[in-house]
file work_10.tsv (TSV, C-alpha atoms and all ligand atoms)
chain	number	residue	atom	x	y	z
E	1	MET	CA	-12.81	-14.07	-15.72
E	2	HIS	CA	-15.41	-11.27	-15.74
E	3	SER	CA	-15.31	-7.66	-16.90
E	4	LEU	CA	-17.87	-6.18	-14.51
E	5	PHE	CA	-16.10	-3.71	-12.23
E	6	ARG	CA	-18.40	-0.70	-12.34
E	7	GLY	CA	-19.49	0.24	-8.81
E	8	LYS	CA	-17.03	-2.05	-6.97
E	9	HIS	CA	-15.29	-0.81	-3.83
E	10	PHE	CA	-11.54	-1.38	-3.40
E	11	ILE	CA	-10.80	-1.64	0.31
E	12	ALA	CA	-8.44	-4.65	0.53
E	13	ASP	CA	-6.62	-6.62	-2.19
E	14	GLN	CA	-7.61	-9.76	-0.31
E	15	GLU	CA	-11.30	-9.13	-1.13
E	16	TRP	CA	-10.68	-9.19	-4.90
E	17	THR	CA	-10.02	-12.42	-6.76
E	18	LYS	CA	-6.66	-12.99	-8.40
E	19	GLU	CA	-8.34	-12.78	-11.80
E	20	GLU	CA	-9.81	-9.37	-10.91
E	21	LEU	CA	-6.41	-8.15	-9.72
E	22	GLU	CA	-4.80	-9.46	-12.95
E	23	THR	CA	-7.33	-7.42	-14.94
E	24	VAL	CA	-6.32	-4.29	-12.98
E	25	LEU	CA	-2.62	-5.05	-13.62
E	26	SER	CA	-3.28	-5.52	-17.31
E	27	ALA	CA	-5.36	-2.30	-17.55
E	28	ALA	CA	-2.57	-0.46	-15.67
E	29	ALA	CA	0.04	-1.72	-18.17
E	30	TYR	CA	-2.19	-0.51	-21.03
E	31	LEU	CA	-2.62	2.94	-19.46
E	32	LYS	CA	1.12	3.13	-18.73
E	33	ARG	CA	1.90	2.55	-22.42
E	34	GLU	CA	-0.63	5.20	-23.47
E	35	PHE	CA	0.83	7.66	-20.93
E	36	ALA	CA	4.36	7.00	-22.28
E	37	LEU	CA	3.15	7.58	-25.85
E	38	ASN	CA	1.24	10.72	-24.86
E	39	ILE	CA	-2.01	9.20	-26.12
E	40	PRO	CA	-5.04	10.77	-24.41
E	41	HIS	CA	-7.24	8.29	-22.57
E	42	ARG	CA	-10.13	10.27	-21.12
E	43	LEU	CA	-12.09	7.32	-19.84
E	44	LEU	CA	-13.65	9.29	-16.94
E	45	ARG	CA	-14.53	12.49	-18.76
E	46	ASP	CA	-16.44	14.99	-16.56
E	47	LYS	CA	-16.36	12.62	-13.56
E	48	THR	CA	-15.41	13.64	-10.02
E	49	LEU	CA	-13.45	11.85	-7.30
E	50	PHE	CA	-13.61	13.09	-3.70
E	51	MET	CA	-10.35	12.39	-1.82
E	52	ILE	CA	-10.54	12.66	1.98
E	53	PHE	CA	-7.15	12.64	3.71
E	54	PHE	CA	-7.03	12.26	7.49
E	55	GLU	CA	-3.19	12.17	7.17
E	56	GLN	CA	-0.49	13.75	5.03
E	57	SER	CA	0.45	12.33	1.63
E	58	THR	CA	2.75	13.07	-1.29
E	59	ARG	CA	2.45	10.02	-3.57
E	60	THR	CA	-1.14	8.94	-2.95
E	61	ARG	CA	-2.65	12.39	-3.16
E	62	ASN	CA	-0.78	13.46	-6.27
E	63	SER	CA	-1.07	10.17	-8.14
E	64	PHE	CA	-4.85	9.99	-7.57
E	65	GLU	CA	-5.35	13.65	-8.52
E	66	ALA	CA	-3.06	13.54	-11.57
E	67	GLY	CA	-4.69	10.24	-12.51
E	68	MET	CA	-8.17	11.78	-12.50
E	69	THR	CA	-6.94	14.70	-14.65
E	70	GLN	CA	-5.37	12.29	-17.15
E	71	LEU	CA	-8.63	10.31	-17.28
E	72	GLY	CA	-10.50	13.49	-18.17
E	73	GLY	CA	-12.08	14.07	-14.76
E	74	HIS	CA	-11.32	16.03	-11.63
E	75	ALA	CA	-10.39	15.20	-8.02
E	76	HIS	CA	-11.23	17.24	-4.91
E	77	ASP	CA	-8.40	17.31	-2.34
E	78	LEU	CA	-10.22	17.23	1.01
E	79	THR	CA	-9.31	16.93	4.70
E	80	PRO	CA	-11.63	16.60	7.73
E	81	GLU	CA	-10.78	20.24	8.59
E	82	LYS	CA	-12.11	21.40	5.22
E	83	MET	CA	-15.31	19.43	5.80
E	84	GLN	CA	-17.98	19.08	8.48
E	85	ILE	CA	-16.29	15.81	9.49
E	86	SER	CA	-14.30	18.03	11.88
E	87	HIS	CA	-17.60	18.94	13.58
E	88	GLY	CA	-18.58	15.29	13.85
E	89	GLU	CA	-20.63	14.76	10.67
E	90	SER	CA	-21.12	11.02	10.27
E	91	ALA	CA	-19.60	8.75	7.63
E	92	LEU	CA	-23.19	7.92	6.58
E	93	ASP	CA	-24.15	11.53	5.84
E	94	THR	CA	-20.78	12.28	4.22
E	95	ALA	CA	-21.05	9.23	1.95
E	96	LYS	CA	-24.67	9.91	0.93
E	97	VAL	CA	-24.03	13.59	0.15
E	98	LEU	CA	-20.81	13.03	-1.84
E	99	SER	CA	-22.57	10.25	-3.80
E	100	ARG	CA	-25.05	12.88	-5.03
E	101	TYR	CA	-22.25	15.11	-6.38
E	102	GLY	CA	-19.75	12.80	-8.03
E	103	HIS	CA	-18.60	9.37	-9.07
E	104	GLY	CA	-16.04	8.08	-6.53
E	105	ILE	CA	-14.84	8.57	-2.95
E	106	ALA	CA	-11.30	7.82	-1.78
E	107	VAL	CA	-10.28	7.88	1.88
E	108	ARG	CA	-7.02	7.72	3.84
E	109	ASN	CA	-7.61	7.16	7.56
E	110	CYS	CA	-4.84	5.36	9.46
E	111	PHE	CA	-6.13	5.85	13.02
E	112	PHE	CA	-5.66	2.59	14.86
E	113	GLU	CA	-8.83	0.49	15.08
E	114	ILE	CA	-10.77	3.35	13.44
E	115	GLY	CA	-9.49	3.83	9.88
E	116	ASN	CA	-10.66	0.62	8.21
E	117	LYS	CA	-14.00	0.75	10.04
E	118	TYR	CA	-14.52	4.34	8.87
E	119	ILE	CA	-13.81	3.45	5.23
E	120	ARG	CA	-16.19	0.49	5.43
E	121	GLU	CA	-18.88	2.74	6.90
E	122	VAL	CA	-18.42	5.18	4.00
E	123	ALA	CA	-18.60	2.25	1.55
E	124	LYS	CA	-21.78	0.91	3.21
E	125	TYR	CA	-23.67	4.14	2.52
E	126	SER	CA	-21.95	5.31	-0.65
E	127	GLN	CA	-23.69	4.85	-4.00
E	128	VAL	CA	-20.38	5.29	-5.82
E	129	PRO	CA	-17.14	3.24	-5.59
E	130	VAL	CA	-14.96	3.78	-2.51
E	131	PHE	CA	-11.16	3.42	-2.65
E	132	ASN	CA	-8.93	2.78	0.36
E	133	MET	CA	-5.98	5.19	0.14
E	134	GLN	CA	-4.47	3.57	3.29
E	135	CYS	CA	-5.94	2.64	6.63
E	136	ASP	CA	-4.76	1.08	9.89
E	137	LEU	CA	-4.86	-2.42	8.31
E	138	TYR	CA	-4.11	-2.11	4.61
E	139	HIS	CA	-2.51	-0.01	1.87
E	140	PRO	CA	-3.99	-1.92	-1.09
E	141	CYS	CA	-3.02	0.49	-3.88
E	142	GLN	CA	0.59	0.47	-2.68
E	143	ALA	CA	0.75	-3.34	-2.61
E	144	LEU	CA	-0.82	-3.67	-6.06
E	145	GLY	CA	1.53	-1.05	-7.54
E	146	ASP	CA	4.43	-2.93	-5.94
E	147	LEU	CA	3.24	-6.19	-7.50
E	148	MET	CA	3.18	-4.47	-10.90
E	149	THR	CA	6.79	-3.31	-10.35
E	150	ILE	CA	7.98	-6.78	-9.31
E	151	LYS	CA	6.31	-8.37	-12.35
E	152	GLU	CA	7.98	-5.83	-14.62
E	153	LYS	CA	11.42	-6.38	-13.09
E	154	PHE	CA	11.29	-10.19	-13.22
E	155	ASP	CA	9.43	-10.57	-16.50
E	156	GLY	CA	6.40	-12.00	-14.69
E	157	GLU	CA	8.36	-14.94	-13.21
E	158	LEU	CA	7.46	-14.87	-9.53
E	159	ARG	CA	7.26	-18.48	-8.31
E	160	GLY	CA	9.98	-19.35	-5.82
E	161	ARG	CA	11.33	-15.82	-5.51
E	162	LYS	CA	12.22	-14.87	-1.94
E	163	PHE	CA	10.30	-11.73	-0.99
E	164	VAL	CA	11.60	-10.14	2.22
E	165	ILE	CA	9.61	-7.55	4.10
E	166	SER	CA	11.72	-6.37	6.99
E	167	TRP	CA	11.28	-3.83	9.74
E	168	ALA	CA	13.93	-1.05	9.59
E	169	TYR	CA	14.83	1.74	11.98
E	170	ALA	CA	13.33	5.20	11.29
E	171	PRO	CA	13.33	8.07	13.80
E	172	SER	CA	10.93	10.40	11.90
E	173	TYR	CA	7.55	9.07	13.07
E	174	SER	CA	5.72	5.89	14.04
E	175	LYS	CA	4.58	4.54	10.67
E	176	PRO	CA	1.41	2.42	10.20
E	177	MET	CA	1.72	-1.34	9.68
E	178	SER	CA	-0.62	-1.29	6.68
E	179	VAL	CA	2.14	-1.61	4.06
E	180	PRO	CA	3.83	-4.76	5.44
E	181	GLN	CA	0.41	-6.28	6.14
E	182	SER	CA	-0.88	-5.71	2.60
E	183	LEU	CA	2.40	-6.97	1.15
E	184	ILE	CA	2.48	-10.31	2.97
E	185	LEU	CA	-1.16	-10.91	2.04
E	186	LEU	CA	-0.77	-10.07	-1.63
E	187	MET	CA	2.68	-11.45	-2.49
E	188	SER	CA	1.85	-14.84	-0.96
E	189	ARG	CA	-1.12	-15.10	-3.36
E	190	PHE	CA	1.17	-14.35	-6.31
E	191	LYS	CA	3.52	-17.28	-5.63
E	192	MET	CA	6.43	-15.60	-3.86
E	193	ASP	CA	8.11	-17.17	-0.81
E	194	ILE	CA	7.61	-14.72	2.04
E	195	THR	CA	10.13	-13.92	4.77
E	196	LEU	CA	8.93	-11.42	7.36
E	197	ALA	CA	11.66	-10.01	9.64
E	198	TYR	CA	11.29	-7.77	12.68
E	199	PRO	CA	12.72	-7.22	16.17
E	200	PRO	CA	10.56	-9.06	18.75
E	201	GLU	CA	8.54	-5.97	19.78
E	202	PHE	CA	7.49	-5.12	16.21
E	203	TYR	CA	5.18	-8.00	15.33
E	204	LEU	CA	2.19	-7.49	13.01
E	205	MET	CA	-1.50	-8.14	13.72
E	206	PRO	CA	-2.06	-11.87	14.44
E	207	LYS	CA	-5.20	-12.11	12.25
E	208	ILE	CA	-3.22	-10.78	9.26
E	209	ILE	CA	-0.38	-13.27	9.86
E	210	GLU	CA	-2.91	-16.11	10.01
E	211	GLN	CA	-4.44	-15.04	6.67
E	212	ALA	CA	-1.00	-14.69	5.06
E	213	LYS	CA	-0.16	-18.24	6.20
E	214	ILE	CA	-3.42	-19.50	4.65
E	215	ASN	CA	-2.61	-17.65	1.41
E	216	ALA	CA	0.88	-19.18	1.35
E	217	LYS	CA	-0.45	-22.69	1.98
E	218	GLU	CA	-3.15	-22.37	-0.69
E	219	ASN	CA	-0.56	-21.21	-3.21
E	220	GLY	CA	2.14	-23.73	-2.28
E	221	VAL	CA	4.70	-21.12	-1.17
E	222	LYS	CA	6.74	-20.61	2.01
E	223	PHE	CA	5.94	-18.18	4.81
E	224	GLU	CA	8.49	-17.65	7.59
E	225	ILE	CA	9.11	-15.13	10.35
E	226	VAL	CA	12.64	-14.34	11.60
E	227	ASN	CA	14.04	-11.83	14.08
E	228	ASP	CA	17.27	-11.20	12.20
E	229	MET	CA	17.57	-8.83	9.22
E	230	GLU	CA	20.74	-10.42	7.83
E	231	GLU	CA	19.30	-13.91	7.98
E	232	ALA	CA	16.24	-12.62	6.11
E	233	PHE	CA	18.31	-10.99	3.35
E	234	ARG	CA	20.31	-14.13	2.45
E	235	GLY	CA	19.29	-15.34	-1.01
E	236	ALA	CA	16.53	-12.75	-1.43
E	237	SER	CA	15.21	-11.64	-4.83
E	238	ILE	CA	13.22	-8.74	-3.43
E	239	VAL	CA	13.94	-6.82	-0.21
E	240	TYR	CA	11.48	-4.30	1.20
E	241	PRO	CA	12.91	-2.93	4.45
E	242	LYS	CA	10.76	-0.27	6.11
E	243	SER	CA	9.79	0.96	9.53
E	244	TRP	CA	6.50	0.47	11.37
E	245	GLY	CA	5.28	1.18	14.88
E	246	GLY	CA	4.80	-1.59	17.43
E	247	LEU	CA	1.25	-2.97	17.66
E	248	GLN	CA	1.12	-2.70	21.46
E	249	TYR	CA	2.04	1.00	21.20
E	250	LEU	CA	-0.46	1.93	18.48
E	251	LYS	CA	-3.47	1.09	20.59
E	252	ASP	CA	-3.70	4.49	22.29
E	253	ASN	CA	-2.96	6.22	18.99
E	254	ASN	CA	-0.58	9.06	19.84
E	255	LEU	CA	-0.21	8.42	23.58
E	256	LYS	CA	2.21	5.53	23.47
E	257	GLN	CA	3.92	6.21	20.17
E	258	GLU	CA	6.85	7.91	21.87
E	259	GLU	CA	7.37	4.67	23.79
E	260	SER	CA	7.49	2.77	20.50
E	261	MET	CA	10.02	5.26	19.10
E	262	GLU	CA	12.16	4.89	22.25
E	263	ILE	CA	12.19	1.07	22.00
E	264	SER	CA	13.02	1.24	18.29
E	265	LYS	CA	16.34	2.97	19.19
E	266	LYS	CA	17.63	-0.42	20.38
E	267	TYR	CA	17.56	-1.49	16.74
E	268	ILE	CA	19.45	1.24	14.89
E	269	ASP	CA	21.50	-1.49	13.21
E	270	TRP	CA	18.34	-2.51	11.29
E	271	ILE	CA	19.39	-0.38	8.32
E	272	CYS	CA	19.47	-1.56	4.70
E	273	ASP	CA	23.06	-0.89	3.63
E	274	GLU	CA	25.40	-2.29	0.99
E	275	LYS	CA	26.72	-4.94	3.39
E	276	LYS	CA	23.22	-6.36	3.78
E	277	MET	CA	22.44	-6.00	0.05
E	278	ASN	CA	25.54	-8.14	-0.64
E	279	LEU	CA	23.70	-11.04	1.06
E	280	THR	CA	20.93	-10.91	-1.55
E	281	ASN	CA	20.88	-12.36	-5.07
E	282	LYS	CA	22.90	-10.58	-7.75
E	283	ASP	CA	19.74	-9.47	-9.58
E	284	SER	CA	17.82	-8.54	-6.42
E	285	ILE	CA	15.73	-5.39	-6.17
E	286	TYR	CA	15.45	-2.96	-3.25
E	287	MET	CA	11.93	-1.60	-2.66
E	288	HIS	CA	10.42	1.07	-0.42
E	289	CYS	CA	6.97	2.66	-0.57
E	290	LEU	CA	8.47	6.06	0.44
E	291	PRO	CA	8.82	8.33	2.29
E	292	ALA	CA	12.08	6.71	3.46
E	293	ASP	CA	14.29	7.88	6.31
E	294	ARG	CA	17.60	8.13	4.44
E	295	GLY	CA	20.59	7.27	6.61
E	296	THR	CA	18.58	5.20	9.11
E	297	GLU	CA	16.09	2.97	7.26
E	298	VAL	CA	18.37	2.82	4.21
E	299	SER	CA	21.76	4.17	3.17
E	300	ASN	CA	21.96	6.62	0.27
E	301	GLU	CA	24.20	4.14	-1.57
E	302	VAL	CA	21.38	1.57	-1.60
E	303	ILE	CA	18.35	3.77	-2.27
E	304	ASP	CA	20.22	5.61	-5.05
E	305	GLY	CA	22.08	2.48	-6.18
E	306	PRO	CA	21.63	-0.12	-8.94
E	307	HIS	CA	19.24	-2.42	-7.01
E	308	SER	CA	16.78	0.34	-6.14
E	309	VAL	CA	13.40	0.52	-7.92
E	310	VAL	CA	11.73	3.01	-5.58
E	311	PHE	CA	10.83	5.59	-8.23
E	312	ASP	CA	9.39	2.94	-10.55
E	313	GLN	CA	7.26	1.88	-7.60
E	314	ALA	CA	6.11	5.45	-7.00
E	315	GLU	CA	5.23	5.83	-10.70
E	316	ASN	CA	3.27	2.59	-10.81
E	317	ARG	CA	0.95	3.94	-8.11
E	318	LEU	CA	-0.36	6.32	-10.82
E	319	HIS	CA	-1.04	3.58	-13.38
E	320	ILE	CA	-2.61	1.13	-10.93
E	321	GLN	CA	-4.94	3.74	-9.45
E	322	LYS	CA	-5.96	4.99	-12.89
E	323	ALA	CA	-6.81	1.41	-13.82
E	324	LEU	CA	-8.84	0.94	-10.63
E	325	MET	CA	-10.72	4.20	-11.14
E	326	ALA	CA	-11.34	3.59	-14.84
E	327	LEU	CA	-12.71	0.10	-14.12
E	328	CYS	CA	-14.79	0.95	-11.03
E	329	MET	CA	-16.00	4.48	-11.86
E	330	GLY	CA	-16.29	3.91	-15.60
E	331	GLY	CA	-16.09	0.46	-17.09
E	332	ARG	CA	-18.97	-1.20	-18.81
E	333	PRO	CA	-22.42	-0.96	-17.23
I	401	LIG	N1	3.68	5.48	-0.19
I	401	LIG	C1	2.73	6.40	0.11
I	401	LIG	O1	1.56	6.07	0.30
I	401	LIG	O2	3.19	7.67	0.17
I	401	LIG	P1	2.36	8.93	0.68
I	401	LIG	O3	2.18	8.77	2.17
I	401	LIG	O4	3.22	10.12	0.34
I	401	LIG	O5	1.04	8.96	-0.01

call {"tool": "encode", "arguments": {"input": "work_10.tsv", "output": "structure tokens", "more": "lines below"}}
Ligand code: CP
result
Amino acid sequence: MHSLFRGKHFIADQEWTKEELETVLSAAAYLKREFALNIPHRLLRDKTLFMIFFEQSTRTRNSFEAGMTQLGGHAHDLTPEKMQISHGESALDTAKVLSRYGHGIAVRNCFFEIGNKYIREVAKYSQVPVFNMQCDLYHPCQALGDLMTIKEKFDGELRGRKFVISWAYAPSYSKPMSVPQSLILLMSRFKMDITLAYPPEFYLMPKIIEQAKINAKENGVKFEIVNDMEEAFRGASIVYPKSWGGLQYLKDNNLKQEESMEISKKYIDWICDEKKMNLTNKDSIYMHCLPADRGTEVSNEVIDGPHSVVFDQAENRLHIQKALMALCMGGRP
């Protein structure tokens, strides 16, 4: 296990070794304890993070910005409209200029077949670490924060636990598939048995499924896909029901998303309610990355009930991202 993180980019959990991810988890637990005890930990004093959001955010934006403040630095909250990106300035020029001013760049860009490529282009030309705050393929900080929550809830005992990521009905907007994709990739590496459930039209990207199957095989755990939410929930330790848009409808970005929303109406019974939670283990946990569509993705009784850990998940985003920033933007030279 090494301790050399300074300058590393964090674009996908899959690209970091398990030992590296364990170091982040351990640093996050340390920072969480210090935060609880009100002990200052200004590990990034006078350092600057540039956050570029192509989409809206509550948790990611505020946890990164609060995290930088707590680490003794500062974060700039940017959008393409506030920058010359809106006039077509390239990722290369943006990355090189921001590298001259500060110490880290974080980007959220979920445009289909654009977002991940854009972040990688920024990383290619950046001289400071680049963090993926969600793209069309991955939401790595969310998945790692979720892993921290699961470890906390089950005292680190993960092998053989049934982890269910299920599609759920949400009428608000067509959500990216980056969360379920990052989850199946990461949880299979950390010894959980994966069940992925969705109605036939809402399959994930084939290359991600192939990688998740490889991860599961290498780690001696199960990976199955079912088209039935109740079947998926039976015997589960962890359920993570959330909506995502259909792959075939994301291709034209906004053009076909209404079509995806229309098709999703066939599946309004894909809601996480108490009846479905009764199929899970007694000590099961209900997870959601938020924002959740209350009343359609999940009933109020479940999200506000005894199985729910959604606010612990949201909090752990702060600790995980602080650990990532402290290691990559600070850390030992
Ligand atoms: N879970 C999550 O990333 O939330 P935001 O979209 O509010 O950042």

call {"tool": "residues_around", "arguments": {"input": "work_10.tsv", "residues": "Gly145 (chain E)", "least_positions_apart": "6", "cutoff": "6 Å", "atoms": "all atoms listed in the file", "output": "short mmCIF file (atom, residue, chain, number, x, y, z; two decimals) with C-alpha atoms, keeping the file's coordinate frame"}}
result
data_model
loop_
_atom_site.label_atom_id
_atom_site.label_comp_id
_atom_site.auth_asym_id
_atom_site.auth_seq_id
_atom_site.Cartn_x
_atom_site.Cartn_y
_atom_site.Cartn_z
CA ASN E 316 3.27 2.59 -10.81
CA ARG E 317 0.95 3.94 -8.11
CA ILE E 320 -2.61 1.13 -10.93
#

call {"tool": "residues_around", "arguments": {"input": "work_10.tsv", "residues": "Val239 (chain E)", "least_positions_apart": "6", "cutoff": "9 Å", "atoms": "only C-alpha atoms", "output": "list in words"}}
result
Lys162, Phe163, Val164, Ile165, Ser166, Ala232, Phe233, Met277, Thr280, Ser284, Ile285, Tyr286, Met287 and His288 of chain E

call {"tool": "write_last_selection", "arguments": {"input": "work_10.tsv", "atoms": "C-alpha atoms", "output": "mmCIF file, in the frame of the given file"}}
result
data_model
loop_
_atom_site.group_PDB
_atom_site.id
_atom_site.type_symbol
_atom_site.label_atom_id
_atom_site.label_comp_id
_atom_site.auth_asym_id
_atom_site.auth_seq_id
_atom_site.Cartn_x
_atom_site.Cartn_y
_atom_site.Cartn_z
ATOM 1 C CA LYS E 162 12.220 -14.870 -1.940
ATOM 2 C CA PHE E 163 10.300 -11.730 -0.990
ATOM 3 C CA VAL E 164 11.600 -10.140 2.220
ATOM 4 C CA ILE E 165 9.610 -7.550 4.100
ATOM 5 C CA SER E 166 11.720 -6.370 6.990
ATOM 6 C CA ALA E 232 16.240 -12.620 6.110
ATOM 7 C CA PHE E 233 18.310 -10.990 3.350
ATOM 8 C CA MET E 277 22.440 -6.000 0.050
ATOM 9 C CA THR E 280 20.930 -10.910 -1.550
ATOM 10 C CA SER E 284 17.820 -8.540 -6.420
ATOM 11 C CA ILE E 285 15.730 -5.390 -6.170
ATOM 12 C CA TYR E 286 15.450 -2.960 -3.250
ATOM 13 C CA MET E 287 11.930 -1.600 -2.660
ATOM 14 C CA HIS E 288 10.420 1.070 -0.420
#

call {"tool": "residues_near_ligand", "arguments": {"input": "work_10.tsv", "ligand": "ligand LIG 401 (chain I)", "cutoff": "6 Å", "atoms": "all atoms listed in the file", "output": "PyMOL selection string"}}
result
chain E and resi 57-61+289-290

call {"tool": "closest_residue", "arguments": {"input": "work_10.tsv", "among": "E:Met177, E:Ala27, E:Cys135, E:Val302", "to": "His41 (chain E)", "atoms": "only C-alpha atoms"}}
result
E:Ala27

call {"tool": "residues_around", "arguments": {"input": "work_10.tsv", "residues": "Met329 (chain E)", "least_positions_apart": "5", "cutoff": "10 Å", "atoms": "only C-alpha atoms", "output": "mmCIF file with C-alpha atoms, keeping the file's coordinate frame"}}
result
data_model
loop_
_atom_site.group_PDB
_atom_site.id
_atom_site.type_symbol
_atom_site.label_atom_id
_atom_site.label_comp_id
_atom_site.auth_asym_id
_atom_site.auth_seq_id
_atom_site.Cartn_x
_atom_site.Cartn_y
_atom_site.Cartn_z
ATOM 1 C CA PHE E 5 -16.100 -3.710 -12.230
ATOM 2 C CA ARG E 6 -18.400 -0.700 -12.340
ATOM 3 C CA GLY E 7 -19.490 0.240 -8.810
ATOM 4 C CA LYS E 8 -17.030 -2.050 -6.970
ATOM 5 C CA HIS E 9 -15.290 -0.810 -3.830
ATOM 6 C CA LEU E 43 -12.090 7.320 -19.840
ATOM 7 C CA LEU E 44 -13.650 9.290 -16.940
ATOM 8 C CA LYS E 47 -16.360 12.620 -13.560
ATOM 9 C CA THR E 48 -15.410 13.640 -10.020
ATOM 10 C CA LEU E 49 -13.450 11.850 -7.300
ATOM 11 C CA GLY E 102 -19.750 12.800 -8.030
ATOM 12 C CA HIS E 103 -18.600 9.370 -9.070
ATOM 13 C CA GLY E 104 -16.040 8.080 -6.530
ATOM 14 C CA ILE E 105 -14.840 8.570 -2.950
ATOM 15 C CA VAL E 128 -20.380 5.290 -5.820
ATOM 16 C CA PRO E 129 -17.140 3.240 -5.590
ATOM 17 C CA VAL E 130 -14.960 3.780 -2.510
ATOM 18 C CA ALA E 323 -6.810 1.410 -13.820
ATOM 19 C CA LEU E 324 -8.840 0.940 -10.630
#

call {"tool": "atom_distance", "arguments": {"input": "work_10.tsv", "atom1": "CA of Asp273 (chain E)", "atom2": "CA of Val298 (chain E)"}}
result
6.0 Å

call {"tool": "atom_distance", "arguments": {"input": "work_10.tsv", "atom1": "CA of Ala106 (chain E)", "atom2": "CA of Phe311 (chain E)"}}
result
23.2 Å

call {"tool": "build_atoms", "arguments": {"input": "work_10.tsv", "residues": "region 24-37 of chain E", "atoms": "N, CA, C and O atoms", "output": "PDB file, keeping the file's coordinate frame"}}
result
ATOM      1  N   VAL E  24      -6.794  -5.640 -13.349  1.00  0.00           N
ATOM      2  CA  VAL E  24      -6.320  -4.290 -12.980  1.00  0.00           C
ATOM      3  C   VAL E  24      -4.872  -4.116 -13.454  1.00  0.00           C
ATOM      4  O   VAL E  24      -4.514  -3.087 -14.043  1.00  0.00           O
ATOM      5  N   LEU E  25      -4.037  -5.140 -13.223  1.00  0.00           N
ATOM      6  CA  LEU E  25      -2.620  -5.050 -13.620  1.00  0.00           C
ATOM      7  C   LEU E  25      -2.507  -4.867 -15.137  1.00  0.00           C
ATOM      8  O   LEU E  25      -1.688  -4.087 -15.621  1.00  0.00           O
ATOM      9  N   SER E  26      -3.348  -5.592 -15.858  1.00  0.00           N
ATOM     10  CA  SER E  26      -3.280  -5.520 -17.310  1.00  0.00           C
ATOM     11  C   SER E  26      -3.784  -4.153 -17.805  1.00  0.00           C
ATOM     12  O   SER E  26      -3.198  -3.542 -18.715  1.00  0.00           O
ATOM     13  N   ALA E  27      -4.863  -3.635 -17.178  1.00  0.00           N
ATOM     14  CA  ALA E  27      -5.360  -2.300 -17.550  1.00  0.00           C
ATOM     15  C   ALA E  27      -4.309  -1.230 -17.200  1.00  0.00           C
ATOM     16  O   ALA E  27      -4.123  -0.261 -17.952  1.00  0.00           O
ATOM     17  N   ALA E  28      -3.610  -1.424 -16.083  1.00  0.00           N
ATOM     18  CA  ALA E  28      -2.570  -0.460 -15.670  1.00  0.00           C
ATOM     19  C   ALA E  28      -1.426  -0.450 -16.683  1.00  0.00           C
ATOM     20  O   ALA E  28      -0.893   0.616 -17.036  1.00  0.00           O
ATOM     21  N   ALA E  29      -1.043  -1.636 -17.175  1.00  0.00           N
ATOM     22  CA  ALA E  29       0.040  -1.720 -18.170  1.00  0.00           C
ATOM     23  C   ALA E  29      -0.380  -1.005 -19.460  1.00  0.00           C
ATOM     24  O   ALA E  29       0.412  -0.294 -20.084  1.00  0.00           O
ATOM     25  N   TYR E  30      -1.648  -1.176 -19.831  1.00  0.00           N
ATOM     26  CA  TYR E  30      -2.190  -0.510 -21.030  1.00  0.00           C
ATOM     27  C   TYR E  30      -2.144   1.013 -20.864  1.00  0.00           C
ATOM     28  O   TYR E  30      -1.671   1.745 -21.737  1.00  0.00           O
ATOM     29  N   LEU E  31      -2.608   1.495 -19.696  1.00  0.00           N
ATOM     30  CA  LEU E  31      -2.620   2.940 -19.460  1.00  0.00           C
ATOM     31  C   LEU E  31      -1.209   3.511 -19.349  1.00  0.00           C
ATOM     32  O   LEU E  31      -0.951   4.656 -19.719  1.00  0.00           O
ATOM     33  N   LYS E  32      -0.285   2.687 -18.835  1.00  0.00           N
ATOM     34  CA  LYS E  32       1.120   3.130 -18.730  1.00  0.00           C
ATOM     35  C   LYS E  32       1.712   3.343 -20.125  1.00  0.00           C
ATOM     36  O   LYS E  32       2.410   4.324 -20.374  1.00  0.00           O
ATOM     37  N   ARG E  33       1.407   2.417 -21.037  1.00  0.00           N
ATOM     38  CA  ARG E  33       1.900   2.550 -22.420  1.00  0.00           C
ATOM     39  C   ARG E  33       1.310   3.805 -23.077  1.00  0.00           C
ATOM     40  O   ARG E  33       2.013   4.573 -23.733  1.00  0.00           O
ATOM     41  N   GLU E  34       0.012   4.007 -22.872  1.00  0.00           N
ATOM     42  CA  GLU E  34      -0.630   5.200 -23.470  1.00  0.00           C
ATOM     43  C   GLU E  34      -0.030   6.480 -22.900  1.00  0.00           C
ATOM     44  O   GLU E  34       0.204   7.446 -23.633  1.00  0.00           O
ATOM     45  N   PHE E  35       0.232   6.488 -21.591  1.00  0.00           N
ATOM     46  CA  PHE E  35       0.830   7.660 -20.930  1.00  0.00           C
ATOM     47  C   PHE E  35       2.215   7.930 -21.535  1.00  0.00           C
ATOM     48  O   PHE E  35       2.567   9.072 -21.860  1.00  0.00           O
ATOM     49  N   ALA E  36       3.003   6.860 -21.722  1.00  0.00           N
ATOM     50  CA  ALA E  36       4.360   7.000 -22.280  1.00  0.00           C
ATOM     51  C   ALA E  36       4.304   7.553 -23.706  1.00  0.00           C
ATOM     52  O   ALA E  36       5.164   8.330 -24.122  1.00  0.00           O
ATOM     53  N   LEU E  37       3.278   7.151 -24.449  1.00  0.00           N
ATOM     54  CA  LEU E  37       3.150   7.580 -25.850  1.00  0.00           C
ATOM     55  C   LEU E  37       2.381   8.895 -26.002  1.00  0.00           C
ATOM     56  O   LEU E  37       2.139   9.356 -27.113  1.00  0.00           O
TER      57      LEU E  37
END
